[in-house]
Amino acid sequence: LSFSPKFSNLLGTVYRRGNLNFTPDGNCVISPVGNRVTVFDLKNNKSETLPLATRHNVTCVGLSPDGTLAILVDEEGAALLVSLLSKSVIHQFHFQKPVHCVCFSPDGRKFVITKDNVALMYHAPGKKREFNAFVLDKTYYGPYDETTCIDWTNDSKCFAVGSKDMSTWVFGAERWANLIYYSLGGHKDAIVACFFEENSLDLYTVSQDGALCVWQCDTELDGLKPMPPKDRTEDKNESVKDLGEDFIEEPKGEVIHGKATTNEQERREKVKYSRAAKYFFNKEGDFNNLTSAAYHKKTHLLVTGFASGIFHLHELPEFNLIHSLSISDQRIASISMNCTGDWIAFGCSGLGQLLVWEWQSESYVLKQQGHFNSMVSLAYSPDGQYLVTGGDDGKVKVWNTSSSFCFVTFTEHTSSISAVTFTSTGYVVLSASLDGTVRAFDLHRYRNFRTFTSPRPSQFSCLAVDSSGEIISAGSQDSFDIFVWSMQSGRLLDVISGHEGPISSLCFNPMRSILASASWDKTVKLWDMFDSWRTKETLTLNSDVLAVAFRPDGNELAVAALNGEISFWDHENAVQTGSIEGRHDLQMGRKELDKITAKQSAKAKSFTTLCYSADGQSILAGGLSKFVCIYHVKEQILMKKFEISCNLSLDAMEEYLDRRKMTEFGSMALIDEGTGDEDGVAIALPGVKRGDMSSRHFKPEIRVTCLRFSPTGRSWAATTTEGLLIYSLDSGLIFDPFELDIDITPTSVHKVLSQKEYTKAIVMAFRLNEKKLIQEVIETIPCKEVDVVCSSLPELYVEKLLEFLASAFETSPHLEFYLTWAQRLLMLHGQKLKTRSGKLLPIIQFLQKSIQRHFKDVSKLCEWNRYNIKYALAISQQRGMKRPAETSVSEEELEESNSDYLMEEETTHS
């Protein structure tokens with residue numbers, strides 16, 4: 001079995017920290033999520049996480065003006081130059097220190113980064129291959145404290161830099177005779193943002209205390225005079241002299257030193273700024289610091305976000321308030337506006353929210369929020385279209401796997417969710433919680449229609465539902481009992497006792513009503529639900545049992561124990577059939593505060609979650625580690641190990657600790673540098689400069705809490721500290737031929753196809769196994785030949801063709817043509833396929849998922865067409881237009897018009 005899926009998407013996390021960017025067309029938002037970046041396509045209602053990652057959390061993203069390149073910079077100052085077209089890393093670079101801001105010039109030829117109190121201007125990489133993509137052009141000194149923001153003039157001649165020392169500096173990108181640097185004061189707090197007016201040197205500056213200064217310049221952009229050429233060697237020596245001995249080793253390019261005070265002689269014939277106005281935002285209390293801002297130059301709109309979650313929309317330069325709204329109860333960390341100025345994107349890092357607001361219609365274009373605490377459990381719907389997740393924040397969220405968006409959130413639970421699952425119909429979600437309830441949610445009406453409770457309050461740690469969807473069972477942490485309810489009546493049917501420790505996992509046999517329960521008392525008990533709830537069998541192990549899972553055909557049981565062993569059982573005869581020693585494969589990392597090595601701590605680690613693949617041949621296992629292992633059940637060998645994350649901002653990632661962090665005192669991690677969030681929390685105590693003394697920074701520990709395989713067999717998902725990761729077989733081009741002969745080439749396939757030997761051509765194309773060639777062959781076959789080809793196709797290729805049809809439905813516009821193929825194959829080979837239903841179930845479910853999605857889309861379109869025709873008829877009758885009897889449209893004709901619409905594709909194809 002060759003199973004090597006690639007990272008496909010990240011759900012459940014929509015924004016962590018850093019700046020948001022709109023793409024140049026204004027249809028997509030680029031949002032940093034941990035050490036990755038997600039692109040939200042607002043026009044097509046889809047999101048995609050790029051398959052690349054930095055070593056630490058991303059803090060700032062710079063987007064090129066044409067939208068093809070992006071620079072991602074992490075907490076340590078390491079940068080990746082990324083192509084957004086090929087979704088790959090082009091170049092890596094390290095700025096040596098944390099970077100506050102990255103900004104490309106509007107012409108795309110330069111970009112500026114700010115770190116400490118310095119601004120560095122680099123030559124931007126071009127569209128051709130280059131030996132070194134990051135070439136330093138100039139280094140600008142001026143501010144005395146950390147720099148916070150950058151903005152460019154429209155023609156890329158100058159840029160402005162804001163600082164925490166309450167000053168704003170205007171620098172010339174070229175050596176202008178009348179503008180090398182200019183310092184602006186006038187504020188009483190750190191500068192949050194600075195913006196140039198369109199085609200002008202006029203400037204707006206916004207500070208953290210809610211003040212806006214309007215600066216007017218006495219010179220237009222055309223009035224900047226180039227400096228006469230100068231001897232470069234002499235200039236270089238001068239700059240080195242200015243810097244002193246410490247800076248000689250590192251190349252700095254051309255160095256420009258700004259001075260806050262200049263003499264009268266230097267001011268003459270230079271650009272001058274004057275403050276035209278100063279405005280104050282309406283502050284609604286001491287905690288309402290201004291935290292972020294964005295300005296749209298064409299429409300003169302300024303958006304400002306505050307620590308209380310309120311934002312204001314003003315028109316400049318008159319400072320007219322257009323709009324004000326509270327969108328969150330957390331600090332707004334980042335704001336961005338699209339090219340037309342209609343959509344405003346807000347990022348709130350406290351709750352992990354991403355909102356896109358259309359201010360003219362006062363409506364949300366996008367409103368997404370992940371679990372702001374860690375995810376604990378997940379489950380796939382039976383057709384693989386949806387995913388449900390439960391988190392420590394007490395929320396149950398349902399995600400669409402094709403669009404990657406959460407479309408409903410249930411907040412009825414009052415404590416952490418411990419387990420979630422779908423019923424067999426796919427329209428009911430069940431969740432168990434530590435608040436002592438199991439709740440059932442209806443996905444038709446989006447409501448909590450059943451709540452199951454125990455006679456005495458119990459914390460439920462696990463949940464299972466049988467294949468009929470009628471019997472619900474939940475295990476308790478504190479009373480060691482299993483509670484069984486009826487879905488139909490909502491009544492408690494029985495309380496099953498017998499375990500002598502907390503129940504850790506429950507699982508129903510997919511084929512029979514047999515419940516397997518795992519406990520910390522070192523046993524797995526099997527209960528027959530139809531036989532007075534009596535114990536059918538007890539399996540005794542050497543260690544506490546943490547997880548159980550039935551194979552999809554129900555003939556095998558996998559058990560994970562605390563000693564790191566996965567054992568396989570023939571539960572009918574209570575015989576162990578095999579075991580895997582997985583402790584060494586888990587490969588733990590060392591936590592910052594650990595006193596023992598990673599090798600020693602790994603001896604006490606084990607798998608906490610198990611899941612069989614859709615065909616039952618392999619098993620996924622994960623635990624408190626960054627690795628997920630996939631084992632071959634029959635051979636009992638490790639097939640592949642997936643590294644879930646490379647993010648060093650999480651704890652327990654590295655095997656060896658960095659010796660530079662060890663001091664005589666001990667680990668530097670013991671010293672809490674945090675004492676509050678420095679980004680705009682109001683001062684709580686006199687003399688405290690960094691916010692709330694009770695606030696602390698911590699590094700979350702990397703862990704895999706739950707693993708599930710998609711019923712379609714094409715992907716699997718894992719809930720981790722980073723979010724909900726999906727690994728899919730559908731990404732990437734892999735040449736995987738099947739029974740290939742030397743005579744089978746694309747040329748020979750085309751030759752057979754031209755001779756109208758369609759069945760032979762399909763078989764040859766499948767043996768070569770290139771998707772595009774298979775598609776070309778199938779789409780060349782006329783509709784009238786489909787029946788003949790389907791009946792003469794060998795059995796082996798029938799299931800291969802079904803699998804191809806399922807994937808083709810995802811992208812192809814030839815809907816009816818492929819539906820004809822699917823119908824004929826299932827009608828002609830249905831009986832033979834039924835005998836191998838266990839093996840073919842994932843393929844059939846994949847096909848069902850694709851057809852179901854199209855059915856929903858087309859039925860919506862048909863309903864909309866019918867509504868429009870009815871509306872047009874009603875309007876015409878209202879206006880008194882007399883229509884002849886024969887031209888009135890009946891219900892039957894409406895149906896025909898819709899079927900004509902669906903048949904249109906086939907005619908085009910023929």
# chains A, B, ... in the order shown; residues from 1 in each chain; ligands from 1
$ residues_around --residues "Lys115 of chain A" --least-positions-apart "3" --cutoff "6 Å" --atoms "only C-alpha atoms" --output "PyMOL selection string"
chain A and resi 99-100+118
$ residues_around --residues "Leu624 of chain A" --least-positions-apart "2" --cutoff "8 Å" --atoms "only C-alpha atoms" --output "JSON list (two decimals) with N, CA, C and O atoms, in the first residue's frame"
[["chain", "number", "residue", "atom", "x", "y", "z"],
["A", 588, "MET", "N", 9.38, 11.99, 21.14],
["A", 588, "MET", "CA", 8.99, 13.20, 21.87],
["A", 588, "MET", "C", 10.03, 14.30, 21.74],
["A", 588, "MET", "O", 11.21, 14.04, 21.55],
["A", 605, "LYS", "N", 5.77, 8.00, 27.18],
["A", 605, "LYS", "CA", 4.75, 8.52, 26.27],
["A", 605, "LYS", "C", 4.03, 7.39, 25.53],
["A", 605, "LYS", "O", 4.54, 6.28, 25.42],
["A", 606, "SER", "N", 2.84, 7.73, 25.02],
["A", 606, "SER", "CA", 2.04, 6.71, 24.34],
["A", 606, "SER", "C", 1.09, 7.37, 23.36],
["A", 606, "SER", "O", 0.94, 8.59, 23.34],
["A", 607, "PHE", "N", 0.43, 6.53, 22.53],
["A", 607, "PHE", "CA", -0.57, 7.04, 21.58],
["A", 607, "PHE", "C", -1.89, 7.27, 22.32],
["A", 607, "PHE", "O", -2.32, 6.43, 23.11],
["A", 608, "THR", "N", -2.52, 8.39, 22.05],
["A", 608, "THR", "CA", -3.79, 8.72, 22.72],
["A", 608, "THR", "C", -4.97, 8.70, 21.76],
["A", 608, "THR", "O", -6.11, 8.81, 22.19],
["A", 622, "GLY", "N", -1.60, 8.84, 16.91],
["A", 622, "GLY", "CA", -0.98, 10.11, 17.32],
["A", 622, "GLY", "C", -1.10, 10.30, 18.82],
["A", 622, "GLY", "O", -1.86, 9.59, 19.49],
["A", 626, "LYS", "N", 4.80, 15.78, 17.92],
["A", 626, "LYS", "CA", 4.57, 16.45, 16.64],
["A", 626, "LYS", "C", 4.48, 15.44, 15.48],
["A", 626, "LYS", "O", 4.34, 15.84, 14.34],
["A", 702, "ILE", "N", 2.99, 21.29, 21.70],
["A", 702, "ILE", "CA", 2.51, 20.61, 20.49],
["A", 702, "ILE", "C", 1.92, 19.26, 20.87],
["A", 702, "ILE", "O", 2.51, 18.50, 21.63],
["A", 703, "ARG", "N", 0.72, 18.97, 20.34],
["A", 703, "ARG", "CA", 0.09, 17.67, 20.61],
["A", 703, "ARG", "C", -0.94, 17.38, 19.52],
["A", 703, "ARG", "O", -1.48, 18.30, 18.90],
["A", 704, "VAL", "N", -1.20, 16.11, 19.30],
["A", 704, "VAL", "CA", -2.25, 15.67, 18.38],
["A", 704, "VAL", "C", -3.35, 15.05, 19.24],
["A", 704, "VAL", "O", -3.12, 14.05, 19.92],
["A", 705, "THR", "N", -4.52, 15.69, 19.26],
["A", 705, "THR", "CA", -5.58, 15.25, 20.18],
["A", 705, "THR", "C", -6.55, 14.26, 19.54],
["A", 705, "THR", "O", -7.16, 13.46, 20.23]]
$ residues_around --residues "Lys397 of chain A" --least-positions-apart "2" --cutoff "8 Å" --atoms "only C-alpha atoms" --output "list in words"
Val388, Thr389, Gly390, Lys395, Trp399, Cys406, Phe407, Val408, Thr409 and Phe410 of chain A
$ closest_residue --among "A:Ala78, A:Leu768, A:Cys646, A:Ala822" --to "Phe95 of chain A" --atoms "only C-alpha atoms"
A:Ala78
$ residues_around --residues "Met166 of chain A" --least-positions-apart "3" --cutoff "10 Å" --atoms "only C-alpha atoms" --output "VMD selection string"
chain A and resid 143 to 145 147 162 to 163 184 to 192 206 to 208
$ select_by_dssp --residues "segment 78-157 of chain A" --states "strand (DSSP E or B)" --output "ChimeraX atom specification"
/A:78-83,88-94,101-104,110-115,118-123,135-141,147-152
$ residues_around --residues "Pro24 of chain A" --least-positions-apart "3" --cutoff "10 Å" --atoms "only C-alpha atoms" --output "ChimeraX atom specification"
/A:21,27-29,63-68,338-340
$ write_last_selection --atoms "all heavy atoms" --output "PDB file, in the first residue's frame"
ATOM      1  N   ASN A  21      -3.490  41.385   4.505  1.00  0.00           N
ATOM      2  CA  ASN A  21      -3.283  42.010   3.193  1.00  0.00           C
ATOM      3  C   ASN A  21      -4.386  41.595   2.241  1.00  0.00           C
ATOM      4  O   ASN A  21      -4.761  40.419   2.201  1.00  0.00           O
ATOM      5  CB  ASN A  21      -1.949  41.557   2.587  1.00  0.00           C
ATOM      6  CG  ASN A  21      -0.761  42.191   3.249  1.00  0.00           C
ATOM      7  OD1 ASN A  21      -0.366  43.296   2.916  1.00  0.00           O
ATOM      8  ND2 ASN A  21      -0.181  41.496   4.222  1.00  0.00           N
ATOM      9  N   ASN A  27     -10.079  40.697  -4.166  1.00  0.00           N
ATOM     10  CA  ASN A  27     -11.010  39.573  -3.944  1.00  0.00           C
ATOM     11  C   ASN A  27     -10.538  38.589  -2.882  1.00  0.00           C
ATOM     12  O   ASN A  27     -11.310  37.739  -2.453  1.00  0.00           O
ATOM     13  CB  ASN A  27     -11.226  38.803  -5.253  1.00  0.00           C
ATOM     14  CG  ASN A  27     -11.948  39.634  -6.281  1.00  0.00           C
ATOM     15  OD1 ASN A  27     -12.727  40.516  -5.924  1.00  0.00           O
ATOM     16  ND2 ASN A  27     -11.682  39.387  -7.551  1.00  0.00           N
ATOM     17  N   CYS A  28      -9.266  38.677  -2.470  1.00  0.00           N
ATOM     18  CA  CYS A  28      -8.726  37.701  -1.516  1.00  0.00           C
ATOM     19  C   CYS A  28      -8.048  38.415  -0.353  1.00  0.00           C
ATOM     20  O   CYS A  28      -7.459  39.481  -0.523  1.00  0.00           O
ATOM     21  CB  CYS A  28      -7.701  36.779  -2.194  1.00  0.00           C
ATOM     22  SG  CYS A  28      -8.358  35.827  -3.558  1.00  0.00           S
ATOM     23  N   VAL A  29      -8.127  37.783   0.823  1.00  0.00           N
ATOM     24  CA  VAL A  29      -7.428  38.279   2.011  1.00  0.00           C
ATOM     25  C   VAL A  29      -6.348  37.271   2.377  1.00  0.00           C
ATOM     26  O   VAL A  29      -6.605  36.067   2.413  1.00  0.00           O
ATOM     27  CB  VAL A  29      -8.394  38.442   3.203  1.00  0.00           C
ATOM     28  CG1 VAL A  29      -7.636  38.864   4.452  1.00  0.00           C
ATOM     29  CG2 VAL A  29      -9.464  39.455   2.899  1.00  0.00           C
ATOM     30  N   LEU A  63       3.339  42.171   0.711  1.00  0.00           N
ATOM     31  CA  LEU A  63       2.807  41.682  -0.568  1.00  0.00           C
ATOM     32  C   LEU A  63       3.252  42.603  -1.687  1.00  0.00           C
ATOM     33  O   LEU A  63       3.130  43.833  -1.571  1.00  0.00           O
ATOM     34  CB  LEU A  63       1.278  41.630  -0.495  1.00  0.00           C
ATOM     35  CG  LEU A  63       0.535  40.960  -1.652  1.00  0.00           C
ATOM     36  CD1 LEU A  63       0.862  39.479  -1.719  1.00  0.00           C
ATOM     37  CD2 LEU A  63      -0.964  41.161  -1.500  1.00  0.00           C
ATOM     38  N   SER A  64       3.772  42.033  -2.787  1.00  0.00           N
ATOM     39  CA  SER A  64       4.224  42.859  -3.912  1.00  0.00           C
ATOM     40  C   SER A  64       3.021  43.498  -4.614  1.00  0.00           C
ATOM     41  O   SER A  64       1.910  42.960  -4.550  1.00  0.00           O
ATOM     42  CB  SER A  64       5.016  42.001  -4.904  1.00  0.00           C
ATOM     43  OG  SER A  64       4.181  41.028  -5.492  1.00  0.00           O
ATOM     44  N   PRO A  65       3.207  44.642  -5.285  1.00  0.00           N
ATOM     45  CA  PRO A  65       2.070  45.352  -5.906  1.00  0.00           C
ATOM     46  C   PRO A  65       1.313  44.525  -6.940  1.00  0.00           C
ATOM     47  O   PRO A  65       0.109  44.699  -7.112  1.00  0.00           O
ATOM     48  CB  PRO A  65       2.723  46.579  -6.564  1.00  0.00           C
ATOM     49  CG  PRO A  65       4.018  46.749  -5.872  1.00  0.00           C
ATOM     50  CD  PRO A  65       4.460  45.391  -5.450  1.00  0.00           C
ATOM     51  N   ASP A  66       2.004  43.603  -7.644  1.00  0.00           N
ATOM     52  CA  ASP A  66       1.304  42.773  -8.641  1.00  0.00           C
ATOM     53  C   ASP A  66       0.703  41.512  -8.019  1.00  0.00           C
ATOM     54  O   ASP A  66       0.035  40.728  -8.700  1.00  0.00           O
ATOM     55  CB  ASP A  66       2.231  42.411  -9.803  1.00  0.00           C
ATOM     56  CG  ASP A  66       3.465  41.634  -9.345  1.00  0.00           C
ATOM     57  OD1 ASP A  66       3.593  41.402  -8.119  1.00  0.00           O
ATOM     58  OD2 ASP A  66       4.292  41.275 -10.200  1.00  0.00           O
ATOM     59  N   GLY A  67       0.946  41.285  -6.716  1.00  0.00           N
ATOM     60  CA  GLY A  67       0.330  40.159  -6.010  1.00  0.00           C
ATOM     61  C   GLY A  67       0.943  38.805  -6.296  1.00  0.00           C
ATOM     62  O   GLY A  67       0.375  37.785  -5.934  1.00  0.00           O
ATOM     63  N   THR A  68       2.125  38.771  -6.941  1.00  0.00           N
ATOM     64  CA  THR A  68       2.744  37.472  -7.264  1.00  0.00           C
ATOM     65  C   THR A  68       3.709  37.001  -6.190  1.00  0.00           C
ATOM     66  O   THR A  68       3.931  35.813  -6.024  1.00  0.00           O
ATOM     67  CB  THR A  68       3.488  37.535  -8.606  1.00  0.00           C
ATOM     68  OG1 THR A  68       4.467  38.587  -8.536  1.00  0.00           O
ATOM     69  CG2 THR A  68       2.533  37.818  -9.749  1.00  0.00           C
ATOM     70  N   ASN A 338      -9.486  46.890   0.779  1.00  0.00           N
ATOM     71  CA  ASN A 338      -9.222  46.404  -0.585  1.00  0.00           C
ATOM     72  C   ASN A 338      -9.077  47.577  -1.554  1.00  0.00           C
ATOM     73  O   ASN A 338      -9.261  48.741  -1.183  1.00  0.00           O
ATOM     74  CB  ASN A 338     -10.293  45.405  -1.030  1.00  0.00           C
ATOM     75  CG  ASN A 338     -11.612  46.055  -1.365  1.00  0.00           C
ATOM     76  OD1 ASN A 338     -11.893  47.178  -0.949  1.00  0.00           O
ATOM     77  ND2 ASN A 338     -12.443  45.358  -2.101  1.00  0.00           N
ATOM     78  N   CYS A 339      -8.768  47.257  -2.812  1.00  0.00           N
ATOM     79  CA  CYS A 339      -8.406  48.294  -3.787  1.00  0.00           C
ATOM     80  C   CYS A 339      -9.533  49.291  -4.060  1.00  0.00           C
ATOM     81  O   CYS A 339      -9.290  50.460  -4.343  1.00  0.00           O
ATOM     82  CB  CYS A 339      -7.932  47.648  -5.086  1.00  0.00           C
ATOM     83  SG  CYS A 339      -9.126  46.485  -5.771  1.00  0.00           S
ATOM     84  N   THR A 340     -10.791  48.854  -3.978  1.00  0.00           N
ATOM     85  CA  THR A 340     -11.912  49.763  -4.260  1.00  0.00           C
ATOM     86  C   THR A 340     -12.335  50.553  -3.018  1.00  0.00           C
ATOM     87  O   THR A 340     -13.096  51.519  -3.121  1.00  0.00           O
ATOM     88  CB  THR A 340     -13.136  48.965  -4.762  1.00  0.00           C
ATOM     89  OG1 THR A 340     -13.507  48.008  -3.755  1.00  0.00           O
ATOM     90  CG2 THR A 340     -12.821  48.243  -6.057  1.00  0.00           C
TER      91      THR A 340
END
$ residues_around --residues "Gly210 of chain A" --least-positions-apart "5" --cutoff "8 Å" --atoms "only C-alpha atoms" --output "list in words"
Phe280, Phe281, Asn282, Lys283, Asn289 and Leu290 of chain A
$ atom_distance --atom1 "atom CA of Tyr182 of chain A" --atom2 "atom CA of Lys157 of chain A"
14.0 Å
$ closest_residue --among "A:Lys784, A:Arg17, A:Lys272, A:Lys138" --to "Leu201 of chain A" --atoms "only C-alpha atoms"
A:Lys272
$ closest_residue --among "A:Pro228, A:Val396, A:Leu301, A:Thr453" --to "Trp359 of chain A" --atoms "only C-alpha atoms"
A:Leu301
$ residues_around --residues "Asp553 of chain A" --least-positions-apart "4" --cutoff "9 Å" --atoms "only C-alpha atoms" --output "ChimeraX atom specification"
/A:509-511,615-616,838
$ atom_distance --atom1 "atom CA of Lys751 of chain A" --atom2 "atom CA of Tyr797 of chain A"
20.4 Å
$ closest_residue --among "A:Ala516, A:Ile843, A:Leu355, A:Cys706" --to "Gly370 of chain A" --atoms "only C-alpha atoms"
A:Leu355
$ closest_atom_pairs --of "segment 452-544 of chain A" --to "segment 417-426 of chain A" --cutoff "6 Å" --atoms "only C-alpha atoms" --output "Markdown table"
| residue | atom | partner | partner_atom | distance |
| --- | --- | --- | --- | --- |
| A:Ser461 | CA | A:Ser418 | CA | 5.4 |
| A:Cys462 | CA | A:Ala419 | CA | 5.5 |
| A:Leu463 | CA | A:Ala419 | CA | 5.8 |
| A:Ser467 | CA | A:Ser424 | CA | 5.9 |
| A:Gly469 | CA | A:Thr423 | CA | 5.2 |
$ closest_residue --among "A:Ile514, A:Val255, A:Tyr727, A:Leu847" --to "Leu136 of chain A" --atoms "only C-alpha atoms"
A:Val255
$ atom_distance --atom1 "atom CA of Val428 of chain A" --atom2 "atom CA of Gly623 of chain A"
28.1 Å
$ closest_residue --among "A:Ala614, A:Val628, A:Ala277, A:Ala765" --to "Pro842 of chain A" --atoms "only C-alpha atoms"
A:Ala614
